[in-house]
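What follows is coords27.txt (compact mmCIF, C-alpha atoms).
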# COMPACT_ATOMS: atom_id res chain seq x y z
CA MET A 1 0.00 0.00 0.00
CA LYS A 2 2.89 2.34 0.71
CA LYS A 3 3.90 2.48 -2.93
CA HIS A 4 0.44 3.86 -3.72
CA LEU A 5 1.10 6.83 -1.45
CA VAL A 6 4.21 7.95 -3.35
CA PRO A 7 2.33 9.68 -6.19
CA LEU A 8 -0.06 11.24 -3.67
CA PHE A 9 2.73 12.92 -1.73
CA ALA A 10 4.58 13.93 -4.87
CA PHE A 11 1.51 15.38 -6.51
CA SER A 12 0.48 17.26 -3.36
CA PHE A 13 3.93 18.80 -3.15
CA CYS A 14 3.78 19.86 -6.79
CA LEU A 15 0.46 21.55 -6.14
CA LEU A 16 2.03 23.60 -3.38
CA VAL A 17 4.96 24.79 -5.50
CA SER A 18 3.05 25.44 -8.75
CA VAL A 19 4.06 28.65 -10.47
CA SER A 20 1.51 31.48 -10.28
CA LEU A 21 1.64 34.53 -12.55
CA SER A 22 -1.32 36.47 -11.19
CA ALA A 23 -2.60 39.13 -8.87
CA GLN A 24 -4.94 38.90 -5.90
CA ASP A 25 -6.94 41.38 -3.86
CA SER A 26 -8.27 41.30 -0.30
CA THR A 27 -11.37 39.31 -1.32
CA ASN A 28 -9.27 36.35 -2.58
CA ILE A 29 -10.32 36.89 -6.21
CA ARG A 30 -7.77 35.56 -8.68
CA LYS A 31 -6.61 37.75 -11.57
CA GLY A 32 -4.36 37.34 -14.57
CA TRP A 33 -2.71 34.04 -15.48
CA THR A 34 -2.21 30.95 -13.34
CA PHE A 35 0.39 28.68 -14.86
CA GLY A 36 1.66 25.33 -13.57
CA VAL A 37 3.96 22.69 -15.04
CA LEU A 38 3.72 19.56 -12.96
CA PRO A 39 4.80 15.94 -13.00
CA SER A 40 1.79 13.90 -14.09
CA PHE A 41 1.78 11.48 -11.18
CA ALA A 42 -1.41 9.47 -10.78
CA TYR A 43 -2.58 6.02 -9.84
CA ASP A 44 -5.49 3.97 -11.15
CA ALA A 45 -6.47 0.52 -9.91
CA ASP A 46 -7.08 -0.54 -13.52
CA LEU A 47 -4.31 1.34 -15.33
CA GLY A 48 -1.51 1.32 -12.76
CA LEU A 49 0.98 4.03 -11.81
CA GLN A 50 1.06 6.99 -14.20
CA LEU A 51 4.13 9.12 -14.86
CA GLY A 52 4.51 12.07 -17.21
CA LEU A 53 4.08 15.85 -17.42
CA LEU A 54 1.03 18.11 -17.47
CA SER A 55 0.28 21.80 -17.62
CA ASN A 56 -2.99 23.58 -16.92
CA VAL A 57 -3.04 27.28 -17.74
CA TYR A 58 -5.95 29.47 -16.60
CA TYR A 59 -6.56 33.09 -17.52
CA PHE A 60 -8.79 34.93 -15.01
CA GLY A 61 -8.38 38.39 -16.54
CA ASP A 62 -9.62 41.10 -14.18
CA GLY A 63 -11.18 38.47 -11.90
CA ALA A 64 -14.75 39.49 -12.75
CA VAL A 65 -15.82 35.89 -13.46
CA TYR A 66 -13.76 34.14 -10.75
CA PRO A 67 -13.85 31.24 -9.84
CA ASP A 68 -14.69 30.72 -13.53
CA TYR A 69 -11.96 31.53 -16.04
CA TYR A 70 -11.78 33.26 -19.41
CA HIS A 71 -9.53 30.65 -21.03
CA SER A 72 -8.21 27.22 -20.05
CA PHE A 73 -5.40 25.32 -21.81
CA TYR A 74 -4.53 21.78 -20.76
CA VAL A 75 -1.64 19.66 -22.03
CA GLU A 76 -0.63 16.22 -20.76
CA ALA A 77 1.69 13.44 -21.85
CA ALA A 78 2.02 10.33 -19.71
CA THR A 79 2.21 6.56 -19.64
CA THR A 80 1.28 3.99 -17.00
CA SER A 81 2.80 0.83 -15.57
CA LYS A 82 0.04 -1.25 -17.22
CA HIS A 83 0.91 -0.15 -20.78
CA TYR A 84 -1.61 2.67 -21.15
CA GLY A 85 -0.60 5.95 -22.81
CA LEU A 86 -2.16 9.39 -22.50
CA TYR A 87 -1.43 12.32 -24.84
CA ARG A 88 -3.88 15.21 -24.79
CA PHE A 89 -4.42 18.87 -25.62
CA ALA A 90 -7.65 20.59 -24.55
CA TYR A 91 -8.96 24.15 -24.79
CA ASP A 92 -12.07 25.51 -23.09
CA SER A 93 -13.60 29.01 -23.03
CA LYS A 94 -16.97 30.72 -22.69
CA TYR A 95 -15.51 34.03 -23.85
CA LEU A 96 -13.48 33.44 -27.06
CA ILE A 97 -16.76 33.50 -29.00
CA PRO A 98 -18.98 35.90 -27.04
CA GLY A 99 -22.06 34.16 -25.70
CA HIS A 100 -20.81 30.69 -26.62
CA ARG A 101 -18.71 28.01 -24.97
CA LEU A 102 -16.07 26.42 -27.20
CA SER A 103 -14.28 23.18 -26.28
CA ILE A 104 -11.57 21.61 -28.44
CA ASP A 105 -9.97 18.26 -27.70
CA LEU A 106 -7.13 16.34 -29.35
CA THR A 107 -6.29 13.02 -27.69
CA TYR A 108 -4.34 9.84 -28.40
CA LEU A 109 -4.72 6.86 -26.04
CA PRO A 110 -2.69 3.74 -26.85
CA ASP A 111 -3.69 0.79 -24.64
CA GLN A 112 -1.89 -2.55 -24.93
CA MET A 113 -3.93 -4.23 -22.17
CA CYS A 114 -7.47 -2.86 -22.39
CA ASP A 115 -10.04 -4.66 -20.23
CA PHE A 116 -12.60 -6.94 -21.87
CA TYR A 117 -14.90 -9.06 -19.68
CA GLY A 118 -17.50 -10.03 -22.25
CA PHE A 119 -20.97 -8.71 -23.03
CA ASN A 120 -23.91 -7.87 -20.78
CA GLY A 121 -22.34 -7.39 -17.36
CA TYR A 122 -23.16 -10.14 -14.86
CA GLU A 123 -24.37 -12.38 -17.67
CA ALA A 124 -20.69 -12.91 -18.53
CA LEU A 125 -19.11 -14.64 -15.53
CA TYR A 126 -15.70 -13.46 -14.34
CA ARG A 127 -12.96 -15.80 -13.10
CA PRO A 128 -10.71 -13.87 -10.66
CA GLU A 129 -7.95 -16.48 -10.90
CA TYR A 130 -6.70 -14.77 -14.06
CA SER A 131 -6.00 -11.57 -12.10
CA ASP A 132 -4.79 -13.10 -8.82
CA GLN A 133 -0.99 -13.00 -8.51
CA SER A 134 -1.07 -16.00 -6.18
CA SER A 135 -2.90 -18.12 -8.75
CA ALA A 136 -1.22 -20.52 -11.19
CA LEU A 137 -3.34 -18.89 -13.92
CA TYR A 138 -1.85 -15.42 -13.31
CA ARG A 139 0.60 -15.80 -16.21
CA THR A 140 -2.47 -15.87 -18.48
CA ARG A 141 -3.68 -12.54 -17.03
CA ALA A 142 -4.09 -11.24 -20.59
CA TYR A 143 -7.16 -13.49 -20.91
CA TYR A 144 -9.43 -10.54 -20.07
CA LYS A 145 -7.54 -8.06 -22.25
CA PHE A 146 -7.32 -6.83 -25.83
CA LYS A 147 -5.35 -4.14 -27.66
CA ARG A 148 -7.17 -0.86 -28.19
CA ASP A 149 -5.57 2.37 -29.45
CA MET A 150 -7.89 5.37 -29.71
CA PHE A 151 -7.48 8.76 -31.41
CA ARG A 152 -10.03 11.54 -30.87
CA LEU A 153 -10.49 14.98 -32.39
CA SER A 154 -13.52 16.99 -31.31
CA ALA A 155 -14.90 20.54 -31.39
CA ASP A 156 -18.02 21.38 -29.38
CA LEU A 157 -19.97 24.62 -29.20
CA GLN A 158 -22.61 25.67 -26.68
CA GLY A 159 -24.91 28.68 -26.99
CA THR A 160 -27.67 30.21 -24.90
CA ILE A 161 -31.36 29.77 -25.67
CA ASP A 162 -32.67 31.52 -22.56
CA LYS A 163 -30.79 30.96 -19.30
CA PRO A 164 -30.59 28.37 -17.86
CA TRP A 165 -31.30 26.59 -21.19
CA TYR A 166 -28.49 26.06 -23.70
CA TRP A 167 -28.09 24.38 -27.09
CA ASN A 168 -25.11 22.23 -28.05
CA VAL A 169 -23.62 21.05 -31.33
CA GLY A 170 -20.39 19.25 -32.03
CA ILE A 171 -18.35 17.33 -34.56
CA GLY A 172 -15.57 14.88 -34.11
CA LEU A 173 -13.65 11.84 -35.23
CA LEU A 174 -12.88 8.67 -33.33
CA TYR A 175 -10.35 6.19 -34.68
CA TYR A 176 -9.88 2.80 -33.06
CA ASN A 177 -7.14 0.29 -33.76
CA VAL A 178 -8.13 -2.91 -31.97
CA GLY A 179 -6.93 -6.49 -31.94
CA THR A 180 -5.65 -9.29 -29.77
CA VAL A 181 -2.97 -8.67 -27.15
CA ASP A 182 0.54 -8.39 -28.62
CA VAL A 183 2.22 -10.82 -26.23
CA ALA A 184 5.65 -10.62 -27.88
CA ARG A 185 5.72 -6.83 -27.54
CA LEU A 186 4.65 -6.88 -23.90
CA ASN A 187 7.23 -9.49 -22.98
CA LYS A 188 9.95 -7.08 -24.12
CA TYR A 189 9.18 -4.94 -21.07
CA THR A 190 10.43 -7.58 -18.61
CA LYS A 191 13.45 -9.86 -18.31
CA ASP A 192 11.84 -12.01 -15.63
CA GLU A 193 10.63 -15.15 -17.38
CA ALA A 194 8.22 -15.87 -14.52
CA LYS A 195 6.35 -12.64 -15.34
CA MET A 196 6.26 -13.12 -19.10
CA LEU A 197 2.98 -13.83 -20.83
CA PRO A 198 2.83 -17.25 -22.50
CA GLU A 199 2.68 -17.34 -26.29
CA GLY A 200 -0.32 -18.85 -28.05
CA VAL A 201 -2.80 -18.60 -25.17
CA GLY A 202 -6.13 -17.30 -26.45
CA THR A 203 -8.04 -14.48 -24.80
CA LEU A 204 -11.75 -13.99 -24.21
CA TYR A 205 -11.62 -11.39 -26.99
CA ASP A 206 -10.19 -14.02 -29.36
CA GLN A 207 -13.03 -16.39 -28.45
CA TYR A 208 -15.64 -13.70 -29.16
CA VAL A 209 -14.07 -13.13 -32.58
CA THR A 210 -13.95 -16.88 -33.34
CA LEU A 211 -17.58 -17.36 -32.30
CA GLY A 212 -18.78 -14.38 -34.33
CA TYR A 213 -19.89 -12.24 -31.38
CA ILE A 214 -17.33 -9.73 -32.65
CA SER A 215 -17.38 -9.47 -36.44
CA PRO A 216 -14.20 -9.52 -38.56
CA ALA A 217 -14.64 -5.80 -39.28
CA GLU A 218 -15.09 -4.92 -35.58
CA ALA A 219 -12.04 -6.98 -34.72
CA LYS A 220 -9.80 -4.47 -36.51
CA GLY A 221 -11.39 -1.15 -35.56
CA GLY A 222 -11.84 1.80 -37.88
CA TYR A 223 -12.68 5.47 -38.42
CA HIS A 224 -15.92 6.91 -37.04
CA PRO A 225 -16.76 10.58 -37.74
CA TYR A 226 -19.67 11.79 -35.67
CA LEU A 227 -22.14 14.62 -35.15
CA HIS A 228 -24.06 15.37 -32.00
CA GLY A 229 -26.54 17.93 -30.77
CA GLY A 230 -28.76 18.46 -27.78
CA LEU A 231 -29.96 20.61 -24.91
CA THR A 232 -28.45 21.53 -21.55
CA PHE A 233 -30.14 22.88 -18.42
CA ASP A 234 -27.58 24.48 -16.09
CA THR A 235 -28.27 26.36 -12.85
CA ARG A 236 -24.93 25.58 -11.15
CA ASP A 237 -23.37 28.38 -9.10
CA ARG A 238 -19.98 27.64 -10.66
CA GLN A 239 -18.51 25.53 -13.43
CA GLN A 240 -15.82 23.85 -11.35
CA ASN A 241 -16.77 22.10 -8.11
CA PRO A 242 -20.33 23.51 -7.86
CA ARG A 243 -21.99 23.92 -4.46
CA ARG A 244 -25.57 24.18 -5.69
CA GLY A 245 -27.70 23.81 -8.79
CA ILE A 246 -28.62 21.35 -11.54
CA HIS A 247 -26.66 20.40 -14.62
CA ALA A 248 -28.67 18.20 -16.99
CA ASP A 249 -28.34 17.36 -20.67
CA ALA A 250 -29.96 15.21 -23.32
CA PHE A 251 -28.52 14.69 -26.80
CA LEU A 252 -28.22 12.47 -29.84
CA THR A 253 -24.97 11.31 -31.46
CA TYR A 254 -24.76 9.92 -34.98
CA TYR A 255 -21.72 7.79 -35.78
CA ALA A 256 -20.75 6.94 -39.35
CA GLY A 257 -18.48 4.12 -40.42
CA MET A 258 -15.78 4.39 -43.06
CA GLY A 259 -14.18 1.73 -45.24
CA GLU A 260 -14.77 -1.77 -43.88
CA MET A 261 -16.87 -0.24 -41.10
CA LYS A 262 -19.42 1.36 -43.44
CA ALA A 263 -22.10 -1.08 -42.21
CA TYR A 264 -21.69 0.33 -38.71
CA ASN A 265 -23.74 3.52 -38.69
CA ASP A 266 -25.68 4.12 -35.52
CA LEU A 267 -27.61 6.70 -33.51
CA LYS A 268 -27.15 6.90 -29.74
CA PHE A 269 -29.18 8.77 -27.12
CA ASN A 270 -27.61 10.11 -23.94
CA ALA A 271 -29.18 11.78 -20.93
CA CYS A 272 -27.52 12.82 -17.69
CA TRP A 273 -28.87 14.59 -14.58
CA ARG A 274 -26.41 16.08 -12.06
CA HIS A 275 -27.77 17.74 -8.92
CA TYR A 276 -25.82 19.64 -6.24
CA LEU A 277 -27.64 20.33 -2.97
CA PRO A 278 -25.99 22.57 -0.31
CA ILE A 279 -26.49 21.29 3.22
CA ILE A 280 -23.98 23.55 5.01
CA THR A 281 -22.85 26.53 2.92
CA ASN A 282 -19.26 26.13 1.66
CA ARG A 283 -18.83 23.09 3.90
CA LEU A 284 -21.15 20.23 2.91
CA THR A 285 -22.79 19.43 -0.44
CA PHE A 286 -24.88 16.42 -1.44
CA ALA A 287 -24.23 15.57 -5.09
CA TYR A 288 -25.63 12.86 -7.33
CA ARG A 289 -25.61 11.91 -11.00
CA LEU A 290 -28.05 9.77 -13.00
CA GLY A 291 -27.32 8.85 -16.61
CA THR A 292 -28.03 6.53 -19.49
CA GLN A 293 -26.69 5.73 -22.96
CA LEU A 294 -28.95 3.87 -25.42
CA ASN A 295 -28.64 2.61 -28.97
CA VAL A 296 -31.57 4.14 -30.85
CA ALA A 297 -30.92 2.83 -34.36
CA GLY A 298 -28.30 1.05 -36.45
CA ASN A 299 -25.35 -1.09 -35.45
CA SER A 300 -22.54 0.01 -33.17
CA PRO A 301 -19.18 -1.81 -32.98
CA PHE A 302 -18.46 -3.22 -29.53
CA TYR A 303 -15.58 -0.82 -28.85
CA LEU A 304 -17.83 2.24 -29.33
CA ASN A 305 -20.16 0.79 -26.70
CA THR A 306 -17.35 1.12 -24.15
CA TYR A 307 -17.30 4.90 -24.81
CA LEU A 308 -19.67 7.22 -22.92
CA ASN A 309 -20.61 10.12 -25.19
CA GLN A 310 -20.28 13.69 -23.88
CA LEU A 311 -21.47 17.06 -25.15
CA TYR A 312 -18.07 18.56 -24.34
CA MET A 313 -14.87 17.05 -22.99
CA GLN A 314 -13.77 17.67 -19.43
CA ARG A 315 -11.78 14.46 -18.93
CA VAL A 316 -9.35 12.60 -21.11
CA ILE A 317 -11.60 9.54 -21.42
CA TYR A 318 -15.15 8.57 -20.56
CA GLU A 319 -15.22 4.80 -20.37
CA GLY A 320 -18.02 2.71 -19.07
CA LEU A 321 -19.20 1.18 -17.26
CA GLY A 322 -16.67 0.41 -14.54
CA GLY A 323 -13.53 2.22 -13.44
CA ALA A 324 -12.42 5.63 -12.23
CA ASN A 325 -14.66 7.64 -14.59
CA SER A 326 -17.98 5.87 -14.10
CA ILE A 327 -18.26 3.24 -11.31
CA ARG A 328 -15.29 3.32 -8.96
CA GLY A 329 -14.19 0.00 -7.50
CA ILE A 330 -15.69 -2.02 -10.37
CA MET A 331 -13.33 -3.25 -13.08
CA ARG A 332 -12.97 -1.06 -16.16
CA ASN A 333 -15.48 -1.92 -18.91
CA ARG A 334 -17.09 -4.62 -16.75
CA ILE A 335 -20.56 -3.62 -18.02
CA LEU A 336 -20.49 -3.72 -21.81
CA ALA A 337 -23.87 -3.64 -23.55
CA ARG A 338 -25.79 -1.81 -26.27
CA GLY A 339 -27.47 0.35 -23.63
CA VAL A 340 -26.55 1.09 -20.00
CA ALA A 341 -27.66 3.20 -17.03
CA PHE A 342 -25.60 4.46 -14.10
CA ALA A 343 -25.77 6.47 -10.86
CA ASN A 344 -23.28 8.14 -8.51
CA VAL A 345 -24.17 9.51 -5.08
CA GLU A 346 -21.76 11.33 -2.76
CA PHE A 347 -21.38 13.81 0.08
CA ARG A 348 -18.72 16.48 -0.47
CA VAL A 349 -17.33 17.77 2.82
CA GLN A 350 -14.80 20.62 2.97
CA VAL A 351 -12.94 19.85 6.16
CA ALA A 352 -10.38 22.69 6.24
CA HIS A 353 -9.65 25.94 4.37
CA PHE A 354 -6.22 27.60 4.30
CA LYS A 355 -3.86 29.73 2.20
CA ILE A 356 -0.29 29.19 1.06
CA GLY A 357 1.12 32.41 -0.33
CA LYS A 358 -1.48 33.79 -2.73
CA GLU A 359 -3.17 30.45 -3.30
CA ASN A 360 -6.49 29.39 -1.73
CA PHE A 361 -6.69 25.73 -0.65
CA TYR A 362 -9.14 23.38 0.96
CA ILE A 363 -9.06 19.75 2.03
CA GLY A 364 -12.23 17.71 1.53
CA LEU A 365 -13.72 14.24 1.99
CA ASN A 366 -16.45 12.61 -0.09
CA PRO A 367 -17.98 9.25 0.86
CA PHE A 368 -19.81 7.82 -2.17
CA MET A 369 -21.77 4.94 -3.71
CA ASP A 370 -21.81 4.10 -7.44
CA ALA A 371 -24.07 1.84 -9.50
CA GLY A 372 -24.59 0.68 -13.07
CA MET A 373 -26.65 -1.84 -15.01
CA VAL A 374 -27.50 -3.23 -18.43
CA VAL A 375 -30.70 -1.86 -19.98
CA GLN A 376 -30.14 -2.86 -23.64
CA PRO A 377 -28.32 -6.20 -23.85
CA TYR A 378 -26.56 -7.85 -26.73
CA ASN A 379 -28.81 -10.56 -28.14
CA ARG A 380 -26.78 -13.73 -28.34
CA VAL A 381 -27.93 -17.16 -29.57
CA MET A 382 -26.03 -19.83 -27.64
CA SER A 383 -25.99 -23.05 -29.72
CA ASP A 384 -24.63 -26.33 -28.39
CA PRO A 385 -21.42 -26.11 -30.49
CA VAL A 386 -20.80 -22.61 -29.15
CA GLN A 387 -21.28 -23.78 -25.56
CA ALA A 388 -18.90 -26.65 -26.22
CA ALA A 389 -16.28 -24.31 -27.70
CA LEU A 390 -16.51 -22.03 -24.70
CA SER A 391 -16.32 -24.94 -22.28
CA SER A 392 -13.09 -26.09 -23.89
CA VAL A 393 -11.53 -22.76 -22.90
CA ASN A 394 -13.19 -22.41 -19.51
CA PRO A 395 -14.53 -25.52 -17.76
CA ASP A 396 -16.85 -23.45 -15.61
CA LYS A 397 -20.15 -21.95 -16.77
CA LEU A 398 -19.41 -18.69 -18.59
CA TYR A 399 -22.88 -17.17 -18.58
CA ASP A 400 -25.63 -16.59 -16.04
CA GLU A 401 -28.64 -15.17 -17.84
CA SER A 402 -30.59 -14.83 -14.57
CA ARG A 403 -28.46 -11.83 -13.46
CA LEU A 404 -28.60 -9.86 -16.71
CA TYR A 405 -30.43 -6.85 -15.23
CA THR A 406 -28.92 -7.01 -11.73
CA PRO A 407 -27.37 -3.66 -10.68
CA HIS A 408 -23.59 -3.52 -10.17
CA LEU A 409 -22.76 -1.66 -6.93
CA SER A 410 -19.65 -0.18 -5.31
CA ALA A 411 -18.85 2.15 -2.41
CA GLY A 412 -15.91 4.15 -1.12
CA CYS A 413 -14.53 7.48 0.05
CA GLY A 414 -12.41 10.20 -1.51
CA LEU A 415 -9.86 12.78 -0.33
CA LYS A 416 -9.65 16.12 -2.17
CA VAL A 417 -6.93 18.80 -2.11
CA ALA A 418 -8.13 21.86 -4.06
CA MET A 419 -6.29 25.01 -5.13
CA ASN A 420 -8.32 28.06 -6.16
CA ASP A 421 -11.43 25.87 -6.66
CA ASN A 422 -10.19 24.84 -10.11
CA PHE A 423 -7.15 22.64 -9.56
CA VAL A 424 -8.29 19.59 -7.55
CA LEU A 425 -6.22 16.54 -6.59
CA SER A 426 -8.57 13.62 -6.06
CA VAL A 427 -7.73 10.40 -4.20
CA ASP A 428 -10.59 7.89 -4.22
CA TRP A 429 -10.71 4.49 -2.53
CA ALA A 430 -13.48 2.11 -3.58
CA THR A 431 -14.58 -1.49 -3.40
CA ALA A 432 -17.08 -3.52 -5.42
CA LEU A 433 -19.96 -5.06 -3.45
CA ASP A 434 -19.88 -8.24 -5.56
CA LYS A 435 -16.69 -10.21 -6.30
CA GLN A 436 -17.97 -10.78 -9.84
CA ASP A 437 -17.22 -7.08 -10.37
CA ASN A 438 -13.79 -7.09 -8.76
CA ASN A 439 -12.07 -9.62 -6.56
CA LYS A 440 -9.82 -6.93 -5.05
CA PHE A 441 -11.17 -5.30 -1.91
CA SER A 442 -9.06 -2.15 -2.16
CA ASN A 443 -8.99 -0.05 -5.35
CA LEU A 444 -7.24 3.32 -5.40
CA TYR A 445 -7.61 6.14 -7.94
CA ILE A 446 -5.47 9.29 -7.86
CA LYS A 447 -6.81 11.73 -10.45
CA MET A 448 -7.47 15.38 -11.15
CA GLY A 449 -10.89 16.90 -10.38
CA TYR A 450 -14.21 15.53 -9.20
CA MET A 451 -15.77 12.75 -11.23
CA PHE A 452 -18.84 14.91 -11.99

How does this structure look as structure tokens?
Amino acid sequence: MKKHLVPLFAFSFCLLVSVSLSAQDSTNIRKGWTFGVLPSFAYDADLGLQLGLLSNVYYFGDGAVYPDYYHSFYVEAATTSKHYGLYRFAYDSKYLIPGHRLSIDLTYLPDQMCDFYGFNGYEALYRPEYSDQSSALYRTRAYYKFKRDMFRLSADLQGTIDKPWYWNVGIGLLYYNVGTVDVARLNKYTKDEAKMLPEGVGTLYDQYVTLGYISPAEAKGGYHPYLHGGLTFDTRDRQQNPRRGIHADAFLTYYAGMGEMKAYNDLKFNACWRHYLPIITNRLTFAYRLGTQLNVAGNSPFYLNTYLNQLYMQRVIYEGLGGANSIRGIMRNRILARGVAFANVEFRVQVAHFKIGKENFYIGLNPFMDAGMVVQPYNRVMSDPVQAALSSVNPDKLYDESRLYTPHLSAGCGLKVAMNDNFVLSVDWATALDKQDNNKFSNLYIKMGYMF
């Protein structure tokens, strides 16, 4: 556990020594530029220890909109101990185009060991032996993995209808390069033969391809330009870390397929309700989020069903369901279906406020509970030959249709260290309430910002 605390201490120290090029008056309003170049230390129970560099530049101008900002620039380049890469540039402003919010995102995410636990959540049974280091099967830990590299370019624009109602439009491109795990490449990262992955051992992903659950076209990935549009209702008191108000949106996203993926054109519907209720002013807030993503028409490749659509990007990746960005404590992508629903409930307590130099800090705690479930399953016809083929790989039963619509639940608590209400170090601990969702009791996530 001690090794998990290293990035926490390092990141907290970097927050304290971040460079500030700004002015401040007696009311603690920030002005001018706030500029920080920091080591990108983080930890994720699914992705491992992250190391790299990041910079978040805010321009507060004359301070008239503080704690909001006029312009935000974010750059990050990092990699993790579990072969996940993160390269991102993001820009966000409500003032570059007067009366409109513009968000631009350019991201590349190579992932050599992306999680794949099958379709339909609990219907696909999970064998923890493949992830248990004390198990003889641990060398085949790539069984629940596949290769997935993702590139994203997006531009989103929001305008005002009549406050608090807003319209949203956006365009973008997602490119996925997917395939089976490259065992030979991964084995180059270690000289310890005991830790090397064995050659020629099939994965669950390989079995899905062989059985036709994943089509030959899906098995390679492809280009998917998209358009989306919808409505937002926003009464939050502030954009970052709100204390009160509602932030709700509903929108449609149309994905097109190019080349071999031209048969995969689909329309998705998303809705999300976020509510922030002040209990003790500036001390205690009750926050919750309810959301769904549904396939309205057409066919969607399986890898796009692991992606939670957003009207504008605030995080590097929105994966679901399971993991740091959707259901903490539950394994990443554990709930993979055509349509899903999720919920997050938490108390946000600001325990202490203090200043270091010109910077305003607070330390907070947030106990939480997360949930998710399948609402639109994959329809799968299980013939006797298919069952026999699966049994040859896994002698235990692989599917339990009786639990298809059972909610997946987790609980935990977070620690927050915030600077100027915009720069927030988040340390969340969570555990799944069912071992089918994660056999590990303790799952730690060290990230930036609140989850919602």

Could you produce a table of the residues of range 320-436 of chain A lying within 12 Å of range 60-78 of chain A, with the nearest pair of atoms per residue and their separation in Å rounded to one decimal, using all atoms listed in the file, ordered by chain and increasing residue number, as a tab-separated table?
residue	atom	partner	partner_atom	distance
A:Asn360	CA	A:Pro67	CA	11.1
A:Met419	CA	A:Pro67	CA	10.9
A:Asn420	CA	A:Pro67	CA	7.4
A:Asp421	CA	A:Pro67	CA	6.7
A:Asn422	CA	A:Pro67	CA	7.4
A:Phe423	CA	A:Pro67	CA	10.9

Exercise. What is the distance between CA of Pro407 in chain A and CA of Val375 in chain A, in Å to one decimal?
Worked result: 10.0 Å

Box along x, y and z, 5 Å on every side, all listed atoms of range 96-102 of chain A inside: centre and edge lengths in Å to one decimal, as lines of an AutoDock Vina configuration file.
center_x = -17.8
center_y = 31.2
center_z = -27.0
size_x = 18.6
size_y = 19.5
size_z = 14.0

For this session: Have a look at CA of Ala217 in chain A and CA of Tyr176 in chain A and let me know their distance in Å, one decimal.
Result: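 It comes out at 11.6 Å.
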
Exercise. Which of these residues is nearest to Tyr405 in chain A, using only C-alpha atoms: A:Asn309, A:Asn120, A:Thr232, A:Asn177?
Worked result: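 For Tyr405 in chain A, the nearest of the candidates is A:Asn120.
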
Exercise. Nearest to Tyr126 in chain A among A:Ile161, A:Ile335, A:Ile327, A:Ala271, with distances taken over only C-alpha atoms: which residue is it?
Worked result: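 Result for the nearest residue to Tyr126 in chain A: A:Ile335.
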
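Counting from CA of Thr285 in chain A, the distance to CA of Ala343 in chain A is 16.9 Å.
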
Problem set entry | Nearest to Arg127 in chain A by atom-to-atom distance, counting all atoms listed in the file, from A:Arg152, A:Lys188, A:Arg141, A:His408 |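 Nearest to Arg127 in chain A: A:Arg141.
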
Exercise. Using only C-alpha atoms, which of the listed residues (A:Tyr175, A:Tyr117, A:Phe302, A:Trp273) sits closest to Met258 in chain A?
Worked result: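 Looking at the shortest contact to Met258 in chain A, the residue is A:Tyr175.
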
Exercise. What lies within 9 Å of Gly52 in chain A using only C-alpha atoms, ignoring chain neighbours under 4 positions off, as a list of chain:residue names?
Worked result: A:Leu38, A:Pro39, A:Ser40, A:Phe41, A:Glu76, A:Ala77, A:Ala78, A:Thr79, A:Thr80, A:Leu86

Exercise. Which of these residues is nearest to Leu153 in chain A, using only C-alpha atoms: A:Asp92, A:Asp105, A:Asp249, A:Glu401?
Worked result: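 Of all the options, A:Asp105 lies closest to Leu153 in chain A.
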
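Of the residues listed (A:His247, A:Arg88, A:His228, A:His83), A:His228 shows the shortest atom-to-atom separation from Asn270 in chain A; distances use only C-alpha atoms.
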
Exercise. Got a sec: who's within 8 Å of range 218-226 of chain A, counting only C-alpha atoms, leaving out chain neighbours fewer than 4 positions off, as a ChimeraX atom specification?
Worked result: /A:171-179,209,214,253-261,301-303

Would you mind putting N, CA, C and O atoms back on range 72-77 of chain A and writing the result as a PDB file, keeping the file's coordinate frame?
ATOM      1  N   SER A  72      -8.914  28.326 -20.672  1.00  0.00           N
ATOM      2  CA  SER A  72      -8.210  27.220 -20.050  1.00  0.00           C
ATOM      3  C   SER A  72      -7.494  26.416 -21.126  1.00  0.00           C
ATOM      4  O   SER A  72      -8.099  26.039 -22.139  1.00  0.00           O
ATOM      5  N   PHE A  73      -6.203  26.162 -20.907  1.00  0.00           N
ATOM      6  CA  PHE A  73      -5.400  25.320 -21.810  1.00  0.00           C
ATOM      7  C   PHE A  73      -4.857  24.155 -20.979  1.00  0.00           C
ATOM      8  O   PHE A  73      -4.290  24.375 -19.906  1.00  0.00           O
ATOM      9  N   TYR A  74      -4.992  22.954 -21.503  1.00  0.00           N
ATOM     10  CA  TYR A  74      -4.530  21.780 -20.760  1.00  0.00           C
ATOM     11  C   TYR A  74      -3.714  20.895 -21.703  1.00  0.00           C
ATOM     12  O   TYR A  74      -4.162  20.555 -22.803  1.00  0.00           O
ATOM     13  N   VAL A  75      -2.519  20.529 -21.257  1.00  0.00           N
ATOM     14  CA  VAL A  75      -1.640  19.660 -22.030  1.00  0.00           C
ATOM     15  C   VAL A  75      -1.118  18.572 -21.106  1.00  0.00           C
ATOM     16  O   VAL A  75      -0.696  18.860 -19.975  1.00  0.00           O
ATOM     17  N   GLU A  76      -1.143  17.321 -21.577  1.00  0.00           N
ATOM     18  CA  GLU A  76      -0.630  16.220 -20.760  1.00  0.00           C
ATOM     19  C   GLU A  76      -0.041  15.144 -21.650  1.00  0.00           C
ATOM     20  O   GLU A  76      -0.573  14.828 -22.721  1.00  0.00           O
ATOM     21  N   ALA A  77       1.068  14.578 -21.192  1.00  0.00           N
ATOM     22  CA  ALA A  77       1.690  13.440 -21.850  1.00  0.00           C
ATOM     23  C   ALA A  77       2.176  12.499 -20.753  1.00  0.00           C
ATOM     24  O   ALA A  77       2.950  12.903 -19.874  1.00  0.00           O
TER      25      ALA A  77
END
